[in-house]
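Structure file input05.cif; described as mmCIF, C-alpha atoms.
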data_my_file
#
loop_
_atom_site.label_atom_id
_atom_site.label_comp_id
_atom_site.auth_asym_id
_atom_site.auth_seq_id
_atom_site.Cartn_x
_atom_site.Cartn_y
_atom_site.Cartn_z
CA MET A 1 0.00 0.00 0.00
CA ILE A 2 1.42 3.33 -1.02
CA GLY A 3 2.87 5.27 1.87
CA ASP A 4 2.44 2.57 4.44
CA GLU A 5 5.51 0.48 3.83
CA ARG A 6 7.46 0.17 7.03
CA ASP A 7 10.77 -1.40 6.24
CA GLU A 8 13.63 -1.59 8.65
CA LEU A 9 14.78 1.94 8.13
CA ILE A 10 11.35 3.49 8.49
CA GLU A 11 10.89 1.49 11.67
CA ARG A 12 14.16 2.89 12.97
CA VAL A 13 13.01 6.36 12.07
CA ARG A 14 9.78 5.74 13.94
CA HIS A 15 11.71 4.43 16.89
CA THR A 16 13.88 7.50 17.09
CA LEU A 17 11.02 9.98 16.69
CA THR A 18 8.32 8.51 18.88
CA PRO A 19 9.67 9.14 22.41
CA LEU A 20 7.60 11.87 24.02
CA PRO A 21 9.13 14.93 25.62
CA PRO A 22 8.27 15.34 29.28
CA ALA A 23 5.30 17.43 30.34
CA ASP A 24 7.38 20.15 31.93
CA PRO A 25 5.19 21.71 34.66
CA GLN A 26 6.49 25.19 33.91
CA SER A 27 5.62 24.83 30.25
CA VAL A 28 2.15 23.54 31.06
CA ALA A 29 1.75 26.42 33.49
CA ARG A 30 2.69 28.91 30.80
CA VAL A 31 0.05 27.42 28.54
CA LEU A 32 -2.60 27.70 31.23
CA SER A 33 -1.53 31.23 31.98
CA ALA A 34 -1.82 32.14 28.31
CA ILE A 35 -5.29 30.64 28.28
CA ALA A 36 -6.26 32.70 31.29
CA GLU A 37 -4.96 35.84 29.63
CA ASP A 38 -6.83 35.05 26.45
CA ALA A 39 -10.03 34.49 28.38
CA ALA A 40 -9.48 37.68 30.32
CA ALA A 41 -9.22 39.62 27.08
CA LEU A 42 -12.83 38.92 26.26
CA PRO A 43 -15.11 41.92 25.99
CA ALA A 44 -15.77 43.29 29.43
CA ARG A 45 -18.85 44.83 30.87
CA PRO A 46 -18.02 48.41 31.85
CA THR A 47 -19.59 48.08 35.25
CA VAL A 48 -17.27 45.25 36.08
CA TRP A 49 -14.02 47.00 35.43
CA ILE A 50 -15.34 50.08 37.12
CA ALA A 51 -16.01 47.86 40.07
CA ARG A 52 -12.46 46.68 39.93
CA VAL A 53 -11.19 50.22 39.92
CA ARG A 54 -13.29 50.86 42.97
CA ALA A 55 -11.93 47.76 44.60
CA LEU A 56 -8.39 48.79 43.80
CA LEU A 57 -8.86 52.32 45.03
CA SER A 58 -10.48 51.06 48.18
CA ARG A 59 -7.27 49.26 49.00
CA PRO A 60 -5.46 51.51 51.44
CA MET A 61 -2.08 50.53 50.08
CA LEU A 62 -2.99 52.01 46.76
CA SER A 63 -5.14 54.85 47.90
CA LEU A 64 -2.30 56.24 49.98
CA SER A 65 -0.75 57.62 46.89
CA GLY A 66 -2.85 59.92 44.81
CA VAL A 67 -0.45 59.69 41.94
CA GLY A 68 -0.42 55.91 42.21
CA ALA A 69 -4.18 55.80 42.30
CA ILE A 70 -4.45 57.97 39.24
CA ALA A 71 -1.94 55.78 37.46
CA VAL A 72 -3.87 52.67 38.36
CA LEU A 73 -7.08 54.34 37.28
CA ALA A 74 -5.54 55.30 33.96
CA LEU A 75 -4.27 51.81 33.42
CA MET A 76 -7.61 50.32 34.24
CA LEU A 77 -9.48 52.75 32.04
CA GLY A 78 -7.15 52.04 29.17
CA TYR A 79 -7.36 48.33 29.64
CA GLY A 80 -11.09 48.39 30.05
CA LEU A 81 -11.67 50.49 26.98
CA ARG A 82 -9.28 48.38 24.97
CA SER A 83 -11.05 45.26 26.07
CA GLN A 84 -14.35 46.64 24.94
CA THR A 85 -13.07 47.39 21.48
CA ARG A 86 -12.07 43.79 20.85
CA ALA A 87 -14.21 41.73 18.57
CA PRO A 88 -16.43 39.33 20.45
CA ALA A 89 -15.14 35.79 20.69
CA ALA A 90 -16.72 33.40 18.27
CA VAL A 91 -17.86 31.00 20.91
CA PRO A 92 -18.21 31.03 24.68
CA GLU A 93 -15.37 29.69 26.72
CA LEU A 94 -14.30 29.14 30.25
CA ALA A 95 -13.92 32.36 32.14
CA ALA A 96 -10.51 33.56 33.14
CA VAL A 97 -11.30 32.81 36.69
CA ASP A 98 -11.76 29.19 35.78
CA ALA A 99 -8.44 28.89 34.03
CA PHE A 100 -6.74 30.81 36.80
CA ASP A 101 -8.35 28.75 39.46
CA ALA A 102 -7.39 25.58 37.67
CA LEU A 103 -3.75 26.34 38.27
CA THR A 104 -3.56 26.21 41.99
CA PRO A 105 -4.86 22.70 42.60
CA MET A 106 -2.11 21.39 40.37
CA GLY A 107 0.51 23.18 42.42
CA LEU A 108 1.67 25.12 39.42
CA ARG A 109 3.41 28.40 39.95
CA VAL A 110 2.54 30.69 37.13
CA PRO A 111 2.91 34.30 36.19
CA ARG A 112 -0.09 36.23 37.40
CA PRO A 113 -2.60 36.16 34.59
CA ALA A 114 -3.91 39.45 33.37
CA LEU A 115 -7.12 39.14 35.26
CA GLN A 116 -9.55 41.78 34.26
CA ALA A 117 -13.27 41.93 34.42
CA MET A 118 -14.06 38.27 34.54
CA THR A 119 -17.49 37.06 33.84
CA ASN A 120 -18.81 33.66 33.21
CA ASP A 121 -19.67 33.66 29.55
CA ALA A 122 -22.93 32.03 30.28
CA GLY A 123 -23.70 35.31 31.98
CA ALA A 124 -24.67 33.61 35.18
CA VAL A 125 -21.95 34.93 37.44
CA ALA A 126 -19.83 38.02 37.45
CA VAL A 127 -16.74 38.20 39.54
CA VAL A 128 -14.39 41.06 40.18
CA ALA A 129 -10.63 40.84 40.22
CA VAL A 130 -9.46 42.28 43.51
CA ASP A 131 -5.84 43.08 44.20
CA PHE A 132 -4.73 42.33 47.76
CA VAL A 133 -1.55 43.95 48.98
CA PHE A 134 0.30 43.11 52.17
CA GLU A 135 3.31 44.84 53.65
CA GLY A 136 5.57 42.94 55.96
CA SER A 137 8.50 40.61 56.26
CA GLY A 138 8.51 36.88 55.93
CA GLU A 139 9.64 34.08 53.69
CA ARG A 140 6.21 33.55 52.24
CA VAL A 141 2.83 35.14 52.58
CA SER A 142 -0.53 33.78 51.57
CA LEU A 143 -4.05 35.08 51.47
CA VAL A 144 -6.84 33.22 53.21
CA GLY A 145 -10.51 33.96 53.36
CA ASP A 146 -14.00 32.69 52.99
CA PHE A 147 -13.39 32.60 49.23
CA ASN A 148 -10.74 29.87 49.47
CA ASN A 149 -12.02 28.01 52.52
CA TRP A 150 -9.25 29.55 54.60
CA ALA A 151 -6.74 27.22 53.00
CA VAL A 152 -3.31 28.53 53.85
CA ASP A 153 -1.58 27.11 50.78
CA SER A 154 -4.32 27.91 48.32
CA THR A 155 -3.49 31.51 47.45
CA PRO A 156 0.18 32.40 47.80
CA MET A 157 1.08 36.04 47.39
CA GLN A 158 3.85 37.22 45.12
CA ARG A 159 6.63 39.36 46.48
CA ILE A 160 7.07 42.62 44.61
CA ASP A 161 10.66 43.31 43.59
CA SER A 162 12.09 41.52 46.62
CA GLY A 163 10.71 44.27 48.82
CA PRO A 164 8.28 44.24 51.72
CA LEU A 165 5.19 44.35 49.53
CA TRP A 166 3.31 41.23 48.54
CA SER A 167 0.37 41.05 46.21
CA VAL A 168 -2.11 38.70 44.69
CA THR A 169 -5.17 39.15 42.54
CA VAL A 170 -8.21 37.10 43.41
CA PRO A 171 -11.52 36.85 41.61
CA LEU A 172 -14.33 37.52 44.07
CA THR A 173 -18.05 37.52 43.78
CA PRO A 174 -19.72 40.79 44.77
CA GLY A 175 -20.55 41.07 48.42
CA ARG A 176 -18.87 40.92 51.76
CA HIS A 177 -15.77 38.80 52.24
CA VAL A 178 -13.58 38.18 55.24
CA TYR A 179 -9.89 37.61 54.76
CA ALA A 180 -6.50 37.60 56.45
CA PHE A 181 -2.84 37.28 55.58
CA VAL A 182 -0.75 34.34 56.76
CA VAL A 183 2.97 34.87 57.11
CA ASP A 184 5.24 31.84 56.85
CA GLY A 185 2.29 29.55 57.05
CA GLU A 186 1.39 30.23 60.67
CA HIS A 187 1.19 33.89 61.62
CA TRP A 188 -2.28 35.22 60.82
CA GLN A 189 -2.58 38.96 60.42
CA ALA A 190 -5.54 41.15 59.70
CA ASP A 191 -5.15 43.87 57.12
CA PRO A 192 -4.18 46.93 59.21
CA ASN A 193 -5.67 49.18 56.55
CA ALA A 194 -9.08 47.57 56.43
CA THR A 195 -12.03 47.13 58.71
CA SER A 196 -11.57 44.37 61.24
CA ALA A 197 -13.96 41.49 61.06
CA PRO A 198 -15.77 40.87 64.32
CA ASP A 199 -16.77 37.46 63.13
CA ALA A 200 -13.40 36.24 61.91
CA ASP A 201 -13.42 32.51 61.48
CA PHE A 202 -11.29 30.20 63.58
CA GLY A 203 -10.82 32.88 66.20
CA LYS A 204 -8.11 34.41 64.06
CA PRO A 205 -7.82 38.07 63.16
CA GLY A 206 -9.55 38.98 59.94
CA SER A 207 -10.55 41.92 57.79
CA VAL A 208 -13.55 42.75 55.70
CA ILE A 209 -13.73 43.75 52.09
CA MET A 210 -16.90 44.76 50.32
CA VAL A 211 -16.87 43.95 46.64
CA PRO A 212 -19.41 46.13 44.87
CA PRO A 213 -21.94 44.41 42.65
CA ARG A 214 -21.53 44.86 38.97
CA MET B 1 -4.20 11.40 23.05
CA THR B 2 -5.72 7.95 22.78
CA LYS B 3 -5.05 7.69 26.51
CA LEU B 4 -7.37 10.54 27.37
CA PRO B 5 -10.08 9.49 29.81
CA SER B 6 -13.28 9.16 27.86
CA ASP B 7 -15.18 11.70 29.89
CA LEU B 8 -12.41 14.28 30.20
CA ILE B 9 -13.43 16.23 27.10
CA ASP B 10 -17.05 16.30 28.18
CA GLN B 11 -16.06 17.51 31.62
CA ALA B 12 -13.87 20.23 30.15
CA ARG B 13 -16.66 21.27 27.79
CA ALA B 14 -19.02 21.44 30.72
CA GLY B 15 -16.76 23.99 32.36
CA ASP B 16 -14.75 21.78 34.67
CA ARG B 17 -11.57 23.80 34.99
CA HIS B 18 -9.66 20.96 36.56
CA ALA B 19 -10.59 18.73 33.66
CA PHE B 20 -9.31 21.29 31.19
CA ALA B 21 -6.04 21.69 33.05
CA ARG B 22 -5.70 17.92 33.07
CA LEU B 23 -6.43 17.85 29.37
CA VAL B 24 -3.57 20.25 28.70
CA GLU B 25 -1.27 18.25 30.92
CA LEU B 26 -2.05 15.01 29.12
CA CYS B 27 -1.92 16.40 25.60
CA TYR B 28 1.11 18.62 25.99
CA PRO B 29 3.90 16.04 25.42
CA ARG B 30 2.44 14.69 22.22
CA ALA B 31 1.62 18.15 20.96
CA LEU B 32 5.15 19.33 21.64
CA ARG B 33 6.64 16.29 19.95
CA PHE B 34 4.65 16.96 16.79
CA ALA B 35 5.39 20.68 16.83
CA ARG B 36 9.11 20.16 17.33
CA GLN B 37 9.25 17.71 14.48
CA MET B 38 7.28 20.09 12.29
CA VAL B 39 8.94 23.42 13.06
CA GLY B 40 12.15 22.35 14.77
CA GLN B 41 13.58 22.43 18.24
CA SER B 42 12.86 26.00 18.99
CA GLU B 43 10.64 28.35 20.88
CA ASP B 44 8.47 28.34 17.80
CA ALA B 45 7.36 24.83 18.64
CA GLU B 46 6.33 25.79 22.16
CA GLU B 47 4.57 28.86 20.84
CA ALA B 48 2.65 26.77 18.31
CA VAL B 49 1.59 24.38 21.05
CA GLN B 50 0.56 27.20 23.34
CA ASP B 51 -1.44 28.93 20.60
CA SER B 52 -3.15 25.64 19.85
CA PHE B 53 -4.27 25.12 23.42
CA VAL B 54 -5.52 28.68 23.61
CA ARG B 55 -7.65 27.99 20.55
CA VAL B 56 -8.83 24.68 21.93
CA HIS B 57 -9.95 26.49 25.04
CA ARG B 58 -11.56 29.25 23.05
CA TYR B 59 -13.54 26.95 20.81
CA LEU B 60 -14.07 23.89 22.98
CA ASP B 61 -17.65 24.86 23.54
CA GLY B 62 -18.25 24.45 19.83
CA PHE B 63 -16.61 21.04 19.76
CA LYS B 64 -19.17 18.43 18.80
CA PRO B 65 -20.00 16.16 21.74
CA GLY B 66 -18.93 12.61 21.10
CA ALA B 67 -16.63 13.55 18.23
CA ALA B 68 -13.02 12.43 18.21
CA PHE B 69 -10.88 14.99 19.96
CA GLU B 70 -7.60 13.87 18.43
CA PRO B 71 -8.20 14.90 14.79
CA TRP B 72 -9.75 18.16 15.92
CA PHE B 73 -6.79 18.99 18.09
CA PHE B 74 -4.24 18.03 15.44
CA ARG B 75 -6.05 20.12 12.86
CA ILE B 76 -5.57 23.15 15.09
CA LEU B 77 -2.00 22.22 15.92
CA ALA B 78 -1.01 21.48 12.33
CA ASN B 79 -2.46 24.81 11.27
CA ARG B 80 -0.45 26.63 13.88
CA CYS B 81 2.71 24.83 12.79
CA ARG B 82 2.12 25.70 9.15
CA THR B 83 1.52 29.32 10.10
CA MET B 84 4.72 29.31 12.12
CA LEU B 85 6.70 27.87 9.23
CA GLU B 86 5.26 30.42 6.85
CA LYS B 87 6.19 33.26 9.18
CA ARG B 88 9.68 31.87 9.47
CA ARG B 89 9.99 31.46 5.72
CA ARG B 90 9.03 35.08 5.17
CA HIS B 91 11.47 36.18 7.82
CA ARG B 92 14.26 34.21 6.22
CA ALA B 93 13.35 35.53 2.81
CA VAL B 94 13.92 39.01 4.14
CA ILE B 95 17.13 38.53 6.06
CA GLU B 96 18.78 35.75 4.08
CA TYR B 97 17.86 36.67 0.58
CA GLY B 98 20.36 35.36 -1.87
CA GLU B 99 21.60 32.45 0.17
CA VAL B 100 21.24 29.08 -1.43
CA PRO B 101 19.62 26.56 0.95
CA PRO B 102 21.67 23.40 1.41
CA ASN B 103 20.24 20.29 -0.10
CA ALA B 104 19.41 17.23 1.92
CA ALA B 105 22.42 15.22 0.84
CA GLU B 106 24.80 17.92 2.00
CA ILE B 107 23.05 18.19 5.33
CA VAL B 108 23.08 14.47 6.00
CA GLN B 109 26.64 14.12 4.84
CA ALA B 110 27.57 16.80 7.32
CA ALA B 111 25.75 14.88 9.98
CA THR B 112 27.58 11.61 9.60
CA ASP B 113 29.13 12.01 13.02
CA VAL B 114 25.87 12.53 14.84
CA ASP B 115 23.33 9.92 15.68
CA LEU B 116 20.46 8.76 13.61
CA HIS B 117 18.03 10.93 15.53
CA HIS B 118 19.71 14.13 14.51
CA ALA B 119 20.13 12.93 10.97
CA VAL B 120 16.43 12.09 10.77
CA LEU B 121 15.47 15.51 12.05
CA ARG B 122 17.67 17.19 9.54
CA VAL B 123 16.24 15.20 6.66
CA LEU B 124 12.74 15.91 7.92
CA ASP B 125 13.59 19.59 7.86
CA THR B 126 14.38 19.38 4.16
CA LEU B 127 11.05 17.80 3.26
CA PRO B 128 8.26 19.96 1.90
CA THR B 129 5.94 20.91 4.73
CA GLU B 130 3.05 18.83 3.38
CA GLN B 131 5.21 15.71 3.17
CA ARG B 132 6.67 16.19 6.61
CA GLU B 133 3.24 16.75 8.09
CA ALA B 134 1.77 13.69 6.38
CA PHE B 135 4.67 11.47 7.40
CA LEU B 136 4.50 12.55 11.04
CA LEU B 137 0.74 12.19 11.28
CA ARG B 138 0.82 8.75 9.72
CA HIS B 139 3.98 7.14 11.06
CA ILE B 140 4.66 8.96 14.31
CA GLU B 141 1.18 9.93 15.49
CA ASP B 142 -0.31 6.72 14.08
CA LEU B 143 -3.38 8.47 12.74
CA SER B 144 -5.65 6.93 10.15
CA TYR B 145 -5.88 8.37 6.67
CA GLU B 146 -9.45 9.31 7.44
CA ASP B 147 -8.28 11.42 10.35
CA MET B 148 -5.47 12.84 8.27
CA MET B 149 -7.95 13.92 5.62
CA ASP B 150 -9.92 15.67 8.32
CA ILE B 151 -6.82 17.32 9.73
CA THR B 152 -5.19 18.47 6.51
CA GLY B 153 -8.14 18.88 4.19
CA ALA B 154 -6.23 16.90 1.56
CA GLY B 155 -7.57 13.89 -0.30
CA LEU B 156 -6.63 10.30 0.29
CA SER B 157 -4.48 9.89 -2.81
CA ALA B 158 -2.57 13.07 -2.13
CA LEU B 159 -1.88 12.06 1.44
CA ARG B 160 -0.68 8.60 0.46
CA MET B 161 1.62 10.13 -2.10
CA ARG B 162 2.99 12.64 0.40
CA VAL B 163 3.77 9.89 2.89
CA LYS B 164 5.39 7.76 0.20
CA ARG B 165 7.58 10.57 -1.03
CA ALA B 166 8.63 11.42 2.50
CA CYS B 167 9.55 7.79 3.13
CA ASP B 168 11.44 7.63 -0.16
CA THR B 169 13.48 10.69 0.74
CA LEU B 170 14.22 9.38 4.21
CA ARG B 171 15.32 6.04 2.80
CA GLU B 172 17.47 7.65 0.18
CA GLN B 173 19.19 10.12 2.43
CA LEU B 174 19.55 7.99 5.52
CA THR B 175 20.62 4.85 3.71
CA GLU B 176 23.37 6.81 2.10
CA VAL B 177 24.74 7.78 5.47
CA HIS B 178 23.93 4.95 7.83
CA TYR B 179 23.96 1.85 5.70
CA ASP B 180 26.29 2.42 2.80
CA ARG B 181 29.30 3.68 4.61
#

Go ahead and express the file in the form of structure tokens.
Amino acid sequence: MIGDERDELIERVRHTLTPLPPADPQSVARVLSAIAEDAAALPARPTVWIARVRALLSRPMLSLSGVGAIAVLALMLGYGLRSQTRAPAAVPELAAVDAFDALTPMGLRVPRPALQAMTNDAGAVAVVAVDFVFEGSGERVSLVGDFNNWAVDSTPMQRIDSGPLWSVTVPLTPGRHVYAFVVDGEHWQADPNATSAPDADFGKPGSVIMVPPR
Amino acid sequence: MTKLPSDLIDQARAGDRHAFARLVELCYPRALRFARQMVGQSEDAEEAVQDSFVRVHRYLDGFKPGAAFEPWFFRILANRCRTMLEKRRRHRAVIEYGEVPPNAAEIVQAATDVDLHHAVLRVLDTLPTEQREAFLLRHIEDLSYEDMMDITGAGLSALRMRVKRACDTLREQLTEVHYDR
């Protein structure tokens, strides 16, 4: 049969070409991150990115600096407007939050995806990307809250330029959330720049954030 | 991709983010192998694979339930590889205009001191894209001609001829180096 002859040499060629490369976790993570970014670039509802701006500006760490706040606002406005000018995707897809969330259970460390206004394409749920910033020393810092079942290892924060600031962006549903920072896996700290939560779970210190509805 | 759990695609389509991440994890090695053999051992191969998964994610909702995932995925991947090769060709045409590309015999002769694997890759690189693609899909990815028709859009006769010509070239060039010395 034409094309299907497998003589000795073709078999040797097959043998040398068939071994699979390893599934390098970093490479897989980059793929998932790219998927999250692609999903995040979907057309955004204006109210959602406005909500994110509000959420960002409500963060004391950012609101301390007027110039910084204006810069963030400008970035967000630019990004939001740019997002809205994109052509709609041909078909629905998983929301960025899904792709982003899919990373952590696999233990993959990935670049922070460009989370923007993230909505479920089915239109059922809208979530808001909220930047959390913590200032302090430690080897590692994570964010815990009612949104991740207070799992200490679920949401690690990224150190900014080897300095004292740590940040992470988390997709949250609108409403009230309680959260805390955990330094080195054991020292729980409330956000000194936010309202304390009187009902903090586990008897640990906690803070409250109100995510505005879209 | 024949090892994919039967319900994984359905779960990913249904919005199970863990299923989609698992899908990427399982498909990545085979996708990278194909891309490397199509476009070479370069960042281009990884970029082609990444672009393919982004498109799979983007269009998975439109994937027909119960259809074979493998041909659909390879159609996307092969397209990305062809696009990558075309971009590279244009780039080379701009910066290397006037250079005469080496022929296969010269390349293999120069590779007599390296192993068969490298020699095979270098001969593959000299094949026309359509022949290389058909050979890899048939003999390395073990796909049926029906699937290959779906992936490439080419007819059965054309695909058989592409595979045959690729095999002929491999035999000719590799025999010269590895058997007739």

What residues come out when you apply the PyMOL selection byres ((chain B) within 6 of (chain A)) to this file, written as a ChimeraX atom specification? /B:17-18,29,50,54,58-59,117,140,160,163-164

Decode the PyMOL selection byres ((chain A and resi 164) around 9) for the given file into explicit residues and return them as an MDAnalysis selection string. chainID A and resid 134:138 159:163 165:166

Kindly compute an axis-aligned box around the listed atoms of range 30-49 of chain B, allowing 6 Å on each side, and express its centre and edge lengths in Å to one decimal as JSON.
{"center_x": 7.6, "center_y": 21.8, "center_z": 17.3, "size_x": 24.0, "size_y": 26.2, "size_z": 21.9}

Write out as a ChimeraX atom specification the residues lying within 10 Å of Gln189 in chain A, counting all atoms listed in the file and excluding same-chain residues fewer than 4 positions away. /A:134,143,179-183,204-207

When the PyMOL selection byres ((chain A and resi 153) around 10) is applied to the structure above, which residues does it catch, written out as a tab-separated table (two decimals) with C-alpha atoms, in the frame of the given file?
chain	number	residue	atom	x	y	z
A	104	THR	CA	-3.56	26.21	41.99
A	105	PRO	CA	-4.86	22.70	42.60
A	107	GLY	CA	0.51	23.18	42.42
A	141	VAL	CA	2.83	35.14	52.58
A	142	SER	CA	-0.53	33.78	51.57
A	143	LEU	CA	-4.05	35.08	51.47
A	144	VAL	CA	-6.84	33.22	53.21
A	148	ASN	CA	-10.74	29.87	49.47
A	150	TRP	CA	-9.25	29.55	54.60
A	151	ALA	CA	-6.74	27.22	53.00
A	152	VAL	CA	-3.31	28.53	53.85
A	154	SER	CA	-4.32	27.91	48.32
A	155	THR	CA	-3.49	31.51	47.45
A	156	PRO	CA	0.18	32.40	47.80
A	157	MET	CA	1.08	36.04	47.39
A	182	VAL	CA	-0.75	34.34	56.76
A	185	GLY	CA	2.29	29.55	57.05

Quick one, how far is CA of Lys87 in chain B from CA of Arg33 in chain B?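 Between these atoms lies a distance of 20.1 Å.
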
Residue contacts of Asp147 in chain B (10 Å, all atoms listed in the file) excluding same-chain residues fewer than 2 positions away, as a compact mmCIF listing (two decimals) with C-alpha atoms, in the frame of the given file:
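File selection10.txt, as written:
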# COMPACT_ATOMS: atom_id res chain seq x y z
CA ALA B 68 -13.02 12.43 18.21
CA GLU B 70 -7.60 13.87 18.43
CA PRO B 71 -8.20 14.90 14.79
CA TRP B 72 -9.75 18.16 15.92
CA PHE B 74 -4.24 18.03 15.44
CA ARG B 75 -6.05 20.12 12.86
CA LEU B 137 0.74 12.19 11.28
CA ARG B 138 0.82 8.75 9.72
CA ASP B 142 -0.31 6.72 14.08
CA LEU B 143 -3.38 8.47 12.74
CA SER B 144 -5.65 6.93 10.15
CA TYR B 145 -5.88 8.37 6.67
CA MET B 149 -7.95 13.92 5.62
CA ASP B 150 -9.92 15.67 8.32
CA ILE B 151 -6.82 17.32 9.73
CA THR B 152 -5.19 18.47 6.51
CA GLY B 153 -8.14 18.88 4.19

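CA of Glu133 in chain B is found 17.6 Å from CA of Ala119 in chain B.
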
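The interatomic distance for the pair CA of Leu127 in chain B and CA of Phe53 in chain B works out to 26.4 Å.
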
Exercise: Asp10 in chain B partners within 12 Å, all atoms listed in the file, chain neighbours under 5 positions left out, as a PDB file with C-alpha atoms, in the frame of the given file:
ATOM      1  CA  LEU B   4      -7.370  10.540  27.370  1.00  0.00           C
ATOM      2  CA  PRO B   5     -10.080   9.490  29.810  1.00  0.00           C
ATOM      3  CA  GLY B  15     -16.760  23.990  32.360  1.00  0.00           C
ATOM      4  CA  ASP B  16     -14.750  21.780  34.670  1.00  0.00           C
ATOM      5  CA  ARG B  17     -11.570  23.800  34.990  1.00  0.00           C
ATOM      6  CA  ALA B  19     -10.590  18.730  33.660  1.00  0.00           C
ATOM      7  CA  PHE B  20      -9.310  21.290  31.190  1.00  0.00           C
ATOM      8  CA  LEU B  23      -6.430  17.850  29.370  1.00  0.00           C
ATOM      9  CA  LEU B  60     -14.070  23.890  22.980  1.00  0.00           C
ATOM     10  CA  ASP B  61     -17.650  24.860  23.540  1.00  0.00           C
ATOM     11  CA  GLY B  62     -18.250  24.450  19.830  1.00  0.00           C
ATOM     12  CA  PHE B  63     -16.610  21.040  19.760  1.00  0.00           C
ATOM     13  CA  LYS B  64     -19.170  18.430  18.800  1.00  0.00           C
ATOM     14  CA  PRO B  65     -20.000  16.160  21.740  1.00  0.00           C
ATOM     15  CA  GLY B  66     -18.930  12.610  21.100  1.00  0.00           C
ATOM     16  CA  ALA B  67     -16.630  13.550  18.230  1.00  0.00           C
ATOM     17  CA  ALA B  68     -13.020  12.430  18.210  1.00  0.00           C
ATOM     18  CA  PHE B  69     -10.880  14.990  19.960  1.00  0.00           C
TER      19      PHE B  69
END

Using all atoms listed in the file, find the one residue out of B:Leu174, B:Ala12, B:Ala134, B:Ala78 that sits nearest to Met161 in chain B.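 When distances to Met161 in chain B are compared using all atoms listed in the file, the smallest one comes from B:Ala134.
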
Every residue with an atom at most 6 Å from (-14.6, 40.4, 41.5) (file coordinates; all atoms listed in the file) is what I'm after, so could you write them as a list in words?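 Checked against the point, the hits come out as Val127, Val128, Ala129, Val130, Pro171, Leu172 and Thr173 of chain A.
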
Between A:Ala190, A:Val211, A:Ala40, A:Val133, single out the one closest to Gly175 in chain A, counting all atoms listed in the file.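 Among the listed residues, the smallest separation from Gly175 in chain A belongs to A:Val211.
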